[in-house]
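target-v3.pdb (PDB, C-alpha atoms, pLDDT in the B column) appears below.
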```pdb
ATOM      1  CA  MET A   7      24.978 -19.083 -16.974  1.00 92.00           C
ATOM      2  CA  PHE A   8      24.753 -17.128 -13.735  1.00 98.00           C
ATOM      3  CA  THR A   9      26.133 -13.630 -13.290  1.00 98.00           C
ATOM      4  CA  HIS A  10      26.391 -11.636 -10.101  1.00 98.00           C
ATOM      5  CA  ARG A  11      26.475  -8.041  -9.004  1.00 98.00           C
ATOM      6  CA  ILE A  12      26.197  -5.933  -5.869  1.00 98.00           C
ATOM      7  CA  ALA A  13      22.614  -4.951  -4.985  1.00 98.00           C
ATOM      8  CA  THR A  14      21.584  -1.297  -4.946  1.00 98.00           C
ATOM      9  CA  GLU A  15      18.676   0.494  -3.311  1.00 97.00           C
ATOM     10  CA  ALA A  16      16.842   0.340  -6.658  1.00 98.00           C
ATOM     11  CA  ASP A  17      16.824  -3.468  -6.288  1.00 98.00           C
ATOM     12  CA  LEU A  18      15.038  -3.490  -2.909  1.00 97.00           C
ATOM     13  CA  PRO A  19      11.497  -4.214  -4.223  1.00 97.00           C
ATOM     14  CA  ALA A  20      12.718  -7.172  -6.325  1.00 98.00           C
ATOM     15  CA  LEU A  21      14.782  -8.510  -3.420  1.00 98.00           C
ATOM     16  CA  ARG A  22      11.864  -8.321  -0.994  1.00 96.00           C
ATOM     17  CA  ALA A  23       9.545 -10.053  -3.484  1.00 97.00           C
ATOM     18  CA  LEU A  24      12.048 -12.897  -3.993  1.00 98.00           C
ATOM     19  CA  MET A  25      12.447 -13.300  -0.225  1.00 96.00           C
ATOM     20  CA  THR A  26       8.688 -13.576   0.252  1.00 96.00           C
ATOM     21  CA  ARG A  27       8.444 -16.282  -2.423  1.00 97.00           C
ATOM     22  CA  ALA A  28      11.429 -18.159  -0.999  1.00 97.00           C
ATOM     23  CA  ILE A  29      10.060 -18.124   2.548  1.00 95.00           C
ATOM     24  CA  GLU A  30       6.587 -19.184   1.392  1.00 94.00           C
ATOM     25  CA  GLN A  31       7.705 -21.942  -0.986  1.00 95.00           C
ATOM     26  CA  LEU A  32      11.031 -23.309   0.246  1.00 96.00           C
ATOM     27  CA  GLN A  33      10.461 -23.497   4.009  1.00 93.00           C
ATOM     28  CA  ASP A  34       7.291 -25.595   3.966  1.00 90.00           C
ATOM     29  CA  ASP A  35       9.134 -28.943   3.832  1.00 92.00           C
ATOM     30  CA  PHE A  36      10.899 -27.987   7.081  1.00 95.00           C
ATOM     31  CA  LEU A  37       8.436 -25.880   9.071  1.00 96.00           C
ATOM     32  CA  SER A  38       4.779 -25.958  10.014  1.00 96.00           C
ATOM     33  CA  PRO A  39       2.459 -23.464   8.262  1.00 96.00           C
ATOM     34  CA  ALA A  40       2.432 -21.351  11.444  1.00 97.00           C
ATOM     35  CA  GLN A  41       6.248 -21.343  11.545  1.00 97.00           C
ATOM     36  CA  VAL A  42       6.416 -20.326   7.879  1.00 96.00           C
ATOM     37  CA  ARG A  43       4.107 -17.374   8.644  1.00 94.00           C
ATOM     38  CA  ALA A  44       6.229 -16.458  11.672  1.00 95.00           C
ATOM     39  CA  SER A  45       9.393 -16.656   9.551  1.00 94.00           C
ATOM     40  CA  HIS A  46       8.487 -13.381   7.869  1.00 91.00           C
ATOM     41  CA  LYS A  47       9.173 -11.656  11.210  1.00 92.00           C
ATOM     42  CA  VAL A  48      12.428 -13.551  11.810  1.00 92.00           C
ATOM     43  CA  MET A  49      13.987 -13.389   8.345  1.00 91.00           C
ATOM     44  CA  GLY A  50      14.138 -10.707   5.679  1.00 89.00           C
ATOM     45  CA  LEU A  51      16.322  -8.094   4.113  1.00 91.00           C
ATOM     46  CA  ASP A  52      18.608  -5.977   6.247  1.00 94.00           C
ATOM     47  CA  THR A  53      19.090  -2.889   4.069  1.00 95.00           C
ATOM     48  CA  GLN A  54      22.316  -2.151   5.964  1.00 95.00           C
ATOM     49  CA  LEU A  55      23.908  -4.878   3.804  1.00 97.00           C
ATOM     50  CA  VAL A  56      22.865  -3.022   0.649  1.00 97.00           C
ATOM     51  CA  LYS A  57      24.157   0.271   2.056  1.00 97.00           C
ATOM     52  CA  ASP A  58      27.436  -1.454   2.988  1.00 97.00           C
ATOM     53  CA  ARG A  59      27.660  -2.891  -0.561  1.00 98.00           C
ATOM     54  CA  THR A  60      28.057  -6.434   0.778  1.00 98.00           C
ATOM     55  CA  TYR A  61      24.829  -7.878  -0.663  1.00 98.00           C
ATOM     56  CA  PHE A  62      24.968  -9.902  -3.877  1.00 98.00           C
ATOM     57  CA  MET A  63      22.374 -10.625  -6.526  1.00 98.00           C
ATOM     58  CA  ILE A  64      22.641 -13.697  -8.749  1.00 98.00           C
ATOM     59  CA  GLU A  65      20.978 -13.406 -12.140  1.00 98.00           C
ATOM     60  CA  GLU A  66      20.418 -15.570 -15.172  1.00 98.00           C
ATOM     61  CA  ASP A  67      19.527 -13.769 -18.401  1.00 96.00           C
ATOM     62  CA  GLY A  68      18.472 -10.718 -16.391  1.00 94.00           C
ATOM     63  CA  ARG A  69      16.196 -12.715 -14.063  1.00 97.00           C
ATOM     64  CA  LEU A  70      16.900 -12.625 -10.323  1.00 98.00           C
ATOM     65  CA  ALA A  71      17.821 -16.164  -9.242  1.00 98.00           C
ATOM     66  CA  GLY A  72      19.017 -15.496  -5.702  1.00 98.00           C
ATOM     67  CA  CYS A  73      20.505 -13.062  -3.261  1.00 98.00           C
ATOM     68  CA  GLY A  74      22.668 -13.121  -0.175  1.00 98.00           C
ATOM     69  CA  GLY A  75      25.416 -11.250   1.519  1.00 97.00           C
ATOM     70  CA  TRP A  76      27.947 -10.980   4.254  1.00 98.00           C
ATOM     71  CA  SER A  77      28.546  -8.407   6.914  1.00 97.00           C
ATOM     72  CA  PHE A  78      31.379  -6.869   8.859  1.00 98.00           C
ATOM     73  CA  ARG A  79      28.797  -5.815  11.483  1.00 96.00           C
ATOM     74  CA  ALA A  80      27.697  -7.688  14.619  1.00 95.00           C
ATOM     75  CA  THR A  81      24.083  -8.417  13.568  1.00 93.00           C
ATOM     76  CA  LEU A  82      23.878 -12.156  12.920  1.00 93.00           C
ATOM     77  CA  TYR A  83      20.444 -12.422  11.300  1.00 92.00           C
ATOM     78  CA  GLY A  84      17.115 -10.694  10.795  1.00 90.00           C
ATOM     79  CA  GLY A  85      15.771  -8.058   8.492  1.00 88.00           C
ATOM     80  CA  ASP A  86      14.554  -4.486   8.742  1.00 88.00           C
ATOM     81  CA  ASP A  87      11.090  -5.614   9.851  1.00 83.00           C
ATOM     82  CA  SER A  88      12.089  -8.578  12.015  1.00 83.00           C
ATOM     83  CA  VAL A  89      11.810  -9.090  15.755  1.00 74.00           C
ATOM     84  CA  VAL A  90      15.582  -9.622  15.986  1.00 78.00           C
ATOM     85  CA  ALA A  91      17.671  -6.949  17.722  1.00 73.00           C
ATOM     86  CA  ARG A  92      20.152  -5.167  15.466  1.00 76.00           C
ATOM     87  CA  GLU A  93      23.835  -4.638  16.294  1.00 80.00           C
ATOM     88  CA  PRO A  94      25.464  -2.317  13.722  1.00 86.00           C
ATOM     89  CA  VAL A  95      28.814  -2.314  15.562  1.00 93.00           C
ATOM     90  CA  ARG A  96      31.731  -3.081  13.247  1.00 95.00           C
ATOM     91  CA  LEU A  97      33.532  -6.371  13.805  1.00 97.00           C
ATOM     92  CA  ASP A  98      37.283  -6.850  14.216  1.00 97.00           C
ATOM     93  CA  PRO A  99      38.529  -9.284  11.533  1.00 97.00           C
ATOM     94  CA  ALA A 100      41.381 -10.341  13.830  1.00 96.00           C
ATOM     95  CA  THR A 101      39.041 -11.672  16.507  1.00 97.00           C
ATOM     96  CA  ASP A 102      35.480 -11.835  15.141  1.00 98.00           C
ATOM     97  CA  ALA A 103      33.694 -13.919  12.530  1.00 98.00           C
ATOM     98  CA  ALA A 104      32.135 -12.207   9.534  1.00 98.00           C
ATOM     99  CA  LYS A 105      28.407 -12.853   9.217  1.00 98.00           C
ATOM    100  CA  VAL A 106      26.787 -14.552   6.197  1.00 98.00           C
ATOM    101  CA  ARG A 107      23.332 -13.018   5.943  1.00 97.00           C
ATOM    102  CA  ALA A 108      19.963 -13.134   4.199  1.00 95.00           C
ATOM    103  CA  MET A 109      20.522 -15.986   1.743  1.00 97.00           C
ATOM    104  CA  TYR A 110      17.525 -16.602  -0.554  1.00 97.00           C
ATOM    105  CA  THR A 111      16.962 -18.507  -3.774  1.00 98.00           C
ATOM    106  CA  GLU A 112      14.110 -17.941  -6.200  1.00 98.00           C
ATOM    107  CA  PRO A 113      12.104 -21.191  -5.951  1.00 97.00           C
ATOM    108  CA  ASP A 114      12.386 -21.826  -9.719  1.00 96.00           C
ATOM    109  CA  PHE A 115      16.182 -21.850  -9.302  1.00 98.00           C
ATOM    110  CA  ALA A 116      16.385 -24.076  -6.218  1.00 96.00           C
ATOM    111  CA  ARG A 117      19.062 -26.793  -6.317  1.00 94.00           C
ATOM    112  CA  ARG A 118      20.857 -25.274  -9.313  1.00 97.00           C
ATOM    113  CA  GLY A 119      23.942 -23.975  -7.496  1.00 97.00           C
ATOM    114  CA  VAL A 120      22.720 -20.479  -6.604  1.00 98.00           C
ATOM    115  CA  GLY A 121      23.295 -20.976  -2.865  1.00 97.00           C
ATOM    116  CA  LYS A 122      26.796 -22.383  -3.361  1.00 98.00           C
ATOM    117  CA  LEU A 123      27.700 -19.467  -5.612  1.00 98.00           C
ATOM    118  CA  LEU A 124      26.396 -16.962  -3.062  1.00 98.00           C
ATOM    119  CA  LEU A 125      28.330 -18.611  -0.240  1.00 98.00           C
ATOM    120  CA  ALA A 126      31.525 -18.578  -2.307  1.00 98.00           C
ATOM    121  CA  LEU A 127      31.075 -14.874  -3.104  1.00 98.00           C
ATOM    122  CA  CYS A 128      30.441 -14.040   0.559  1.00 98.00           C
ATOM    123  CA  GLU A 129      33.347 -16.131   1.828  1.00 98.00           C
ATOM    124  CA  ASP A 130      35.742 -14.666  -0.741  1.00 98.00           C
ATOM    125  CA  ALA A 131      34.705 -11.109   0.138  1.00 98.00           C
ATOM    126  CA  ALA A 132      34.997 -11.760   3.888  1.00 98.00           C
ATOM    127  CA  ARG A 133      38.421 -13.347   3.389  1.00 98.00           C
ATOM    128  CA  ALA A 134      39.539 -10.337   1.305  1.00 98.00           C
ATOM    129  CA  ALA A 135      38.413  -8.074   4.169  1.00 98.00           C
ATOM    130  CA  GLY A 136      40.725  -9.973   6.528  1.00 98.00           C
ATOM    131  CA  PHE A 137      38.278 -12.342   8.249  1.00 98.00           C
ATOM    132  CA  GLY A 138      39.457 -15.876   9.052  1.00 98.00           C
ATOM    133  CA  ARG A 139      36.053 -17.339   9.783  1.00 98.00           C
ATOM    134  CA  VAL A 140      32.375 -16.807   9.098  1.00 98.00           C
ATOM    135  CA  GLU A 141      29.194 -17.651  10.928  1.00 98.00           C
ATOM    136  CA  LEU A 142      25.532 -17.695  10.019  1.00 98.00           C
ATOM    137  CA  MET A 143      22.152 -18.444  11.496  1.00 97.00           C
ATOM    138  CA  GLY A 144      20.776 -21.169   9.268  1.00 97.00           C
ATOM    139  CA  THR A 145      17.134 -21.809   8.579  1.00 96.00           C
ATOM    140  CA  MET A 146      16.144 -25.461   8.508  1.00 96.00           C
ATOM    141  CA  ALA A 147      15.775 -25.226   4.710  1.00 95.00           C
ATOM    142  CA  GLY A 148      19.315 -23.836   4.405  1.00 96.00           C
ATOM    143  CA  VAL A 149      21.083 -26.241   6.764  1.00 97.00           C
ATOM    144  CA  PRO A 150      21.657 -28.998   4.147  1.00 97.00           C
ATOM    145  CA  LEU A 151      23.394 -26.488   1.842  1.00 97.00           C
ATOM    146  CA  TYR A 152      25.515 -25.049   4.638  1.00 98.00           C
ATOM    147  CA  ARG A 153      26.600 -28.506   5.810  1.00 98.00           C
ATOM    148  CA  ALA A 154      27.519 -29.450   2.214  1.00 97.00           C
ATOM    149  CA  CYS A 155      29.634 -26.276   1.990  1.00 98.00           C
ATOM    150  CA  GLY A 156      31.638 -27.055   5.133  1.00 98.00           C
ATOM    151  CA  TYR A 157      29.707 -25.222   7.841  1.00 98.00           C
ATOM    152  CA  THR A 158      29.689 -26.827  11.296  1.00 98.00           C
ATOM    153  CA  PRO A 159      26.646 -26.668  13.587  1.00 98.00           C
ATOM    154  CA  GLU A 160      27.364 -24.839  16.859  1.00 98.00           C
ATOM    155  CA  ARG A 161      23.997 -24.623  18.610  1.00 97.00           C
ATOM    156  CA  GLU A 162      20.266 -24.805  18.007  1.00 97.00           C
ATOM    157  CA  VAL A 163      18.277 -21.630  18.617  1.00 96.00           C
ATOM    158  CA  GLN A 164      14.576 -20.800  18.741  1.00 96.00           C
ATOM    159  CA  SER A 165      13.396 -17.404  17.562  1.00 94.00           C
ATOM    160  CA  ALA A 166      11.483 -15.145  19.887  1.00 91.00           C
ATOM    161  CA  PRO A 167       7.806 -16.128  19.874  1.00 94.00           C
ATOM    162  CA  ILE A 168       5.704 -14.559  17.148  1.00 93.00           C
ATOM    163  CA  ASP A 169       1.993 -14.989  17.839  1.00 92.00           C
ATOM    164  CA  GLY A 170       2.985 -17.837  20.147  1.00 95.00           C
ATOM    165  CA  VAL A 171       5.101 -19.611  17.515  1.00 96.00           C
ATOM    166  CA  THR A 172       8.893 -20.010  17.461  1.00 96.00           C
ATOM    167  CA  VAL A 173      11.055 -20.759  14.439  1.00 97.00           C
ATOM    168  CA  PRO A 174      13.978 -23.210  14.775  1.00 98.00           C
ATOM    169  CA  LEU A 175      17.399 -21.944  13.652  1.00 98.00           C
ATOM    170  CA  LEU A 176      20.920 -23.344  13.723  1.00 98.00           C
ATOM    171  CA  LEU A 177      24.057 -21.296  14.402  1.00 98.00           C
ATOM    172  CA  MET A 178      26.812 -22.567  12.074  1.00 98.00           C
ATOM    173  CA  THR A 179      30.460 -21.592  11.541  1.00 98.00           C
ATOM    174  CA  LYS A 180      33.247 -22.145   9.045  1.00 98.00           C
ATOM    175  CA  GLN A 181      36.971 -21.435   8.998  1.00 98.00           C
ATOM    176  CA  LEU A 182      38.077 -19.609   5.851  1.00 97.00           C
TER     177      LEU A 182
END
```

Kindly transcribe the structure held in the file into structure tokens.
Amino acid sequence: MFTHRIATEADLPALRALMTRAIEQLQDDFLSPAQVRASHKVMGLDTQLVKDRTYFMIEEDGRLAGCGGWSFRATLYGGDDSVVAREPVRLDPATDAAKVRAMYTEPDFARRGVGKLLLALCEDAARAAGFGRVELMGTMAGVPLYRACGYTPEREVQSAPIDGVTVPLLLMTKQL
């Protein structure tokens, strides 16, 4: 039985550790070893989500099973230590899409519904904040989940080169 709560700054070490495991173990069916290494500079935790109280943790019997959030800010993807430019400007729910951000599942919990639960929590919160649509930058490992949950591909993107390697991403949207 999964439970959820809003992440706090005290959770940051556990969140970062889960993200590292997820990137290392769940991306390798979709990316080359060099792209997996580069992913650590493309993905990661944006602590602004924790400060904004829009970042969820999914737990089972006190064990962290996954994490993910949404944002009312313009940054689409990338973490504190990533090569991605940050845009903390607040979005207008009447005209802009909320952003689904930093979705990760503990590898031991993969394909058990953690991602679907996180998406539902994010979508519900964005809808309650007045947003009519959401968008995300999907990793290749996440794309099957996002498609299954009604997200539509908009365009393929390559990350900025990291040590000469780019990481493929897919911009996806959904009407709420």

With only C-alpha atoms as the counted atoms, please give the residues lying no more than 12 Å from A:Asp17, apart from itself and same-chain residues fewer than 3 positions off, as a PyMOL selection string.
chain A and resi 11-14+20-24+51+53+56-57+61-63+70+73

Could you pull the residues within 7 Å of A:Glu66, counting only C-alpha atoms, minus those fewer than 2 positions along the same chain, as a compact mmCIF listing (two decimals) with C-alpha atoms, keeping the file's coordinate frame?
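Below is the file that was written, selection.txt:
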```txt
# COMPACT_ATOMS: atom_id res chain seq x y z
CA MET A 7 24.98 -19.08 -16.97
CA PHE A 8 24.75 -17.13 -13.74
CA THR A 9 26.13 -13.63 -13.29
CA GLY A 68 18.47 -10.72 -16.39
CA ARG A 69 16.20 -12.72 -14.06
CA LEU A 70 16.90 -12.62 -10.32
CA ALA A 71 17.82 -16.16 -9.24
```

Test item: residues at most 8 Å from stretch 118-120 of chain A, only C-alpha atoms, excluding those fewer than 3 positions along its chain, as a count of residues only
7

Taking (9.8, -21.5, -10.2) in the file's coordinates, which residues come within 10 Å, counting only C-alpha atoms, written as JSON, numbers by chain?
{"A": [27, 28, 31, 71, 112, 113, 114, 115, 116]}

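Shortest atom-to-atom contact with A:Leu32 among A:Ser77, A:Thr179, A:Thr172, A:Thr145: A:Thr145, counting only C-alpha atoms.
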
Name the residues captured by the PyMOL selection byres ((chain A and resi 162-167) around 12) when it is applied to the shown file; answer as a ChimeraX atom specification.
/A:40-41,43-49,83-84,88-91,142-146,149,158-161,168-178

Would you be able to write out as a ChimeraX atom specification which residues have an atom within 9 Å of (27.0, -1.8, 9.9) in the file's coordinates, counting all atoms listed in the file?
/A:54-55,57-58,77-81,93-97

Please indicate the distance in Å from atom CA of A:Ala104 to atom CA of A:Gly50, rounded to one decimal place.
18.5 Å

Measuring between only C-alpha atoms, which one of A:Leu151, A:Ala103, A:Ala108, A:Gly75 shows the shortest distance to A:Lys122?
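Checking each of A:Leu151, A:Ala103, A:Ala108, A:Gly75 against A:Lys122, counting only C-alpha atoms, the winner is A:Leu151.
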
Evaluate the PyMOL selection byres ((chain A and resi 180) around 8) here and jot the selected residues down as a count of residues only.
10

Between A:Gly121, A:Thr26, A:Phe36, A:Gly74, smallest distance to A:Thr60 by only C-alpha atoms belongs to A:Gly74

Separation of atom CA of A:Asp86 from atom CA of A:Asp52 in Å
5.0 Å

Could you tell me how far atom CA of A:Tyr152 sits from atom CA of A:Glu30, in Å to one decimal place?
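Result for atom CA of A:Glu30 versus atom CA of A:Tyr152: 20.1 Å, one decimal.
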